file model_39.csv (CSV, C-alpha atoms)
chain,number,residue,atom,x,y,z
A,261,MET,CA,-43.3,-24.7,-146.2
A,262,PHE,CA,-46.0,-26.4,-144.1
A,263,VAL,CA,-44.3,-29.4,-142.6
A,264,LYS,CA,-40.6,-29.0,-141.8
A,265,GLU,CA,-39.9,-32.2,-140.0
A,266,VAL,CA,-41.7,-35.4,-139.1
A,267,LEU,CA,-40.9,-37.2,-135.8
A,268,ASP,CA,-42.3,-40.5,-134.6
A,269,PHE,CA,-42.9,-40.7,-130.9
A,270,ASN,CA,-44.6,-43.7,-129.3
A,271,SER,CA,-47.8,-42.9,-127.5
A,272,CYS,CA,-47.8,-39.3,-128.7
A,273,ALA,CA,-50.6,-37.7,-130.6
A,274,THR,CA,-50.4,-34.4,-132.4
A,275,ILE,CA,-53.6,-32.4,-133.2
A,276,ILE,CA,-53.4,-29.6,-135.7
A,277,ALA,CA,-56.5,-27.6,-136.5
A,278,PHE,CA,-56.7,-25.7,-139.7
A,279,ASP,CA,-59.2,-24.8,-142.4
A,280,TYR,CA,-58.4,-27.5,-145.0
A,281,LYS,CA,-60.1,-25.8,-147.9
A,282,ASN,CA,-58.3,-22.5,-147.3
A,283,LEU,CA,-55.0,-24.3,-146.9
A,284,LEU,CA,-55.4,-26.0,-150.3
A,285,ARG,CA,-55.8,-22.5,-151.9
A,286,ASN,CA,-52.1,-22.1,-151.2
A,287,ASP,CA,-50.1,-22.9,-154.3
A,288,ALA,CA,-47.2,-24.4,-152.3
A,289,ILE,CA,-49.4,-27.2,-150.8
A,290,ASN,CA,-51.6,-29.7,-152.6
A,291,SER,CA,-53.9,-32.3,-151.3
A,292,GLU,CA,-51.6,-35.2,-152.1
A,293,TYR,CA,-48.7,-33.7,-150.2
A,294,LEU,CA,-51.0,-32.8,-147.2
A,295,GLU,CA,-52.6,-36.3,-147.0
A,296,LYS,CA,-49.2,-37.8,-146.2
A,297,PHE,CA,-49.3,-36.1,-142.8
A,298,ILE,CA,-53.0,-36.5,-141.9
A,299,ALA,CA,-54.2,-39.7,-140.2
A,300,THR,CA,-57.6,-38.5,-139.3
A,301,LYS,CA,-59.8,-35.6,-140.5
A,302,ILE,CA,-62.8,-34.4,-138.6
A,303,GLN,CA,-65.2,-32.1,-140.4
A,304,LEU,CA,-66.5,-29.4,-138.1
A,305,THR,CA,-69.7,-27.5,-138.5
A,306,SER,CA,-70.6,-24.1,-137.4
A,307,ILE,CA,-72.6,-23.8,-134.2
A,308,PRO,CA,-74.7,-20.7,-133.4
A,309,PHE,CA,-73.4,-18.7,-130.4
A,310,HIS,CA,-76.7,-19.0,-128.5
A,311,GLU,CA,-76.6,-22.8,-128.8
A,312,ILE,CA,-73.1,-22.8,-127.2
A,313,ILE,CA,-74.3,-20.5,-124.4
A,314,GLU,CA,-77.3,-22.8,-123.8
A,315,PHE,CA,-75.1,-25.9,-123.6
A,316,HIS,CA,-72.8,-24.3,-121.0
A,317,ILE,CA,-75.7,-22.9,-119.0
A,318,ASN,CA,-77.2,-26.4,-118.9
A,319,GLU,CA,-73.8,-27.8,-117.8
A,320,ILE,CA,-73.5,-25.2,-115.1
A,321,LEU,CA,-77.0,-25.7,-113.9
A,322,GLY,CA,-77.1,-29.4,-114.3
A,323,LYS,CA,-77.0,-30.2,-110.6
A,324,VAL,CA,-79.0,-27.2,-109.7
A,325,ILE,CA,-81.8,-28.2,-112.0
A,326,GLU,CA,-82.0,-31.6,-110.4
A,327,ASP,CA,-82.1,-30.0,-106.9
A,328,ALA,CA,-84.2,-27.0,-107.8
A,329,LYS,CA,-87.2,-26.5,-105.6
A,330,SER,CA,-88.2,-23.3,-107.2
A,331,ILE,CA,-88.8,-22.8,-110.9
A,332,THR,CA,-88.7,-19.1,-110.4
A,333,LEU,CA,-85.2,-19.3,-108.8
A,334,LEU,CA,-84.0,-21.4,-111.6
A,335,GLN,CA,-85.3,-19.0,-114.2
A,336,ASN,CA,-83.7,-16.1,-112.5
A,337,ILE,CA,-80.3,-17.9,-112.3
A,338,ARG,CA,-80.6,-18.8,-116.0
A,339,MET,CA,-81.5,-15.2,-116.9
A,340,LEU,CA,-78.5,-13.8,-114.9
A,341,LEU,CA,-76.2,-16.3,-116.6
A,342,HIS,CA,-77.5,-15.2,-120.0
A,343,GLU,CA,-77.0,-11.5,-119.3
A,344,ASN,CA,-73.6,-11.9,-117.8
A,345,ILE,CA,-72.3,-14.2,-120.5
A,346,TYR,CA,-73.5,-11.9,-123.3
A,347,LYS,CA,-72.0,-8.8,-121.5
A,348,TYR,CA,-68.7,-10.7,-121.0
A,349,TYR,CA,-68.7,-11.7,-124.7
A,350,ALA,CA,-69.4,-8.1,-125.8
A,351,ASN,CA,-66.6,-6.9,-123.6
A,352,ILE,CA,-64.2,-9.4,-125.3
A,353,GLU,CA,-65.3,-8.2,-128.7
A,354,GLU,CA,-64.9,-4.6,-127.7
A,355,ARG,CA,-61.4,-5.2,-126.3
A,356,ILE,CA,-60.4,-7.1,-129.5
A,357,ALA,CA,-61.6,-4.1,-131.6
A,358,LYS,CA,-59.7,-1.6,-129.4
A,359,TYR,CA,-56.5,-3.8,-129.6
A,360,ARG,CA,-56.8,-4.0,-133.4
A,361,GLU,CA,-57.3,-0.2,-133.7
A,362,LYS,CA,-54.1,0.3,-131.5
A,363,GLU,CA,-52.2,-2.2,-133.6
A,364,GLU,CA,-53.2,-0.5,-136.8
A,365,ALA,CA,-52.3,2.9,-135.4
A,366,ARG,CA,-49.0,1.6,-134.2
A,367,THR,CA,-48.2,0.0,-137.6
A,368,GLU,CA,-49.2,3.2,-139.4
A,369,LYS,CA,-47.0,5.3,-137.1
A,370,LYS,CA,-44.1,2.9,-137.5
A,371,ALA,CA,-44.4,3.0,-141.3
A,372,LEU,CA,-44.6,6.8,-141.1
A,373,ASP,CA,-41.6,7.0,-138.8
A,374,ASN,CA,-39.6,4.7,-141.1
A,375,HIS,CA,-40.6,6.9,-144.1
A,376,GLU,CA,-39.5,10.1,-142.2
A,377,ASN,CA,-36.2,8.5,-141.1
A,378,ASN,CA,-35.5,7.3,-144.7
A,379,SER,CA,-36.6,10.5,-146.4
A,380,ILE,CA,-34.1,13.2,-147.2
A,381,THR,CA,-34.9,16.9,-147.9
A,382,LEU,CA,-34.1,18.2,-151.4
A,383,ASP,CA,-31.6,20.7,-149.9
A,384,ALA,CA,-29.8,18.0,-148.0
A,385,PHE,CA,-29.7,15.9,-151.2
A,386,ASN,CA,-28.3,18.8,-153.2
A,387,SER,CA,-25.7,19.5,-150.6
A,388,ILE,CA,-24.5,15.9,-150.5
A,389,TYR,CA,-24.6,15.7,-154.3
A,390,ASN,CA,-22.6,18.9,-154.7
A,391,GLU,CA,-19.9,17.7,-152.2
A,392,LYS,CA,-19.6,14.4,-154.1
A,393,LYS,CA,-19.4,16.2,-157.4
A,394,LYS,CA,-16.6,18.4,-156.1
A,395,CYS,CA,-14.7,15.3,-155.1
A,396,VAL,CA,-15.1,13.8,-158.5
A,397,ASP,CA,-14.3,17.0,-160.4
A,398,ASN,CA,-11.1,17.4,-158.5
call {"tool": "encode", "arguments": {"input": "model_39.csv", "output": "structure tokens"}}
result
Amino acid sequence: MFVKEVLDFNSCATIIAFDYKNLLRNDAINSEYLEKFIATKIQLTSIPFHEIIEFHINEILGKVIEDAKSITLLQNIRMLLHENIYKYYANIEERIAKYREKEEARTEKKALDNHENNSITLDAFNSIYNEKKKCVDN
């Protein structure tokens, strides 16, 4: 179940982030049940990646922009930041993809190992069956 226990602490706020629409697709949770536990909902919107990058570059360069004596220097710094941020982001995506591949391979290997450990050859089965049959027959 979604909420196991409710505690009331003075001066303590809890923030839970989730996709409300997807959560309501769960048959065990309905909106009336969920509303008992939500004091404030904030609707978030999707922001394009380049807009996030621009925001942070402007934050980083805020003081530099004010003190910049050379537009060319400022443009070079901005270009380097862009390049490095996108390279870093691509590196993260690549590492996540490799991790997922390793996890999938590990899961498949584990399933195969479990199957091999649980499987029995026909000869072994017949041998066990015949031994048990002899015990029953006697």
call {"tool": "residues_around", "arguments": {"input": "model_39.csv", "residues": "Asn282 (chain A)", "least_positions_apart": "6", "cutoff": "12 Å", "atoms": "all atoms listed in the file", "output": "number ranges by chain"}}
result
A: 289-291
call {"tool": "atom_distance", "arguments": {"input": "model_39.csv", "atom1": "CA of Leu284 (chain A)", "atom2": "CA of Asn270 (chain A)"}}
result
29.5 Å
call {"tool": "residues_around", "arguments": {"input": "model_39.csv", "residues": "Arg338 (chain A)", "least_positions_apart": "5", "cutoff": "9 Å", "atoms": "all atoms listed in the file", "output": "ChimeraX atom specification"}}
result
/A:317-318,321,333,343
call {"tool": "residues_around", "arguments": {"input": "model_39.csv", "residues": "Ala299 (chain A)", "least_positions_apart": "2", "cutoff": "12 Å", "atoms": "all atoms listed in the file", "output": "ChimeraX atom specification"}}
result
/A:273-276,294-297,301-302
call {"tool": "axis_aligned_box", "arguments": {"input": "model_39.csv", "around": "region 295-299 of chain A", "padding_each_side": "5 Å", "output": "JSON"}}
result
{"center_x": -51.7, "center_y": -37.9, "center_z": -143.6, "size_x": 15.0, "size_y": 13.6, "size_z": 16.8}
call {"tool": "atom_distance", "arguments": {"input": "model_39.csv", "atom1": "CA of Thr332 (chain A)", "atom2": "CA of Phe309 (chain A)"}}
result
25.2 Å
call {"tool": "closest_residue", "arguments": {"input": "model_39.csv", "among": "A:Ile331, A:Ile313, A:Cys272, A:Lys358", "to": "Asn344 (chain A)", "atoms": "all atoms listed in the file"}}
result
A:Ile313
call {"tool": "atom_distance", "arguments": {"input": "model_39.csv", "atom1": "CA of Thr305 (chain A)", "atom2": "CA of Asp279 (chain A)"}}
result
11.5 Å
call {"tool": "closest_residue", "arguments": {"input": "model_39.csv", "among": "A:Ser271, A:Arg285, A:Glu292, A:Tyr346", "to": "Glu314 (chain A)", "atoms": "all atoms listed in the file"}}
result
A:Tyr346
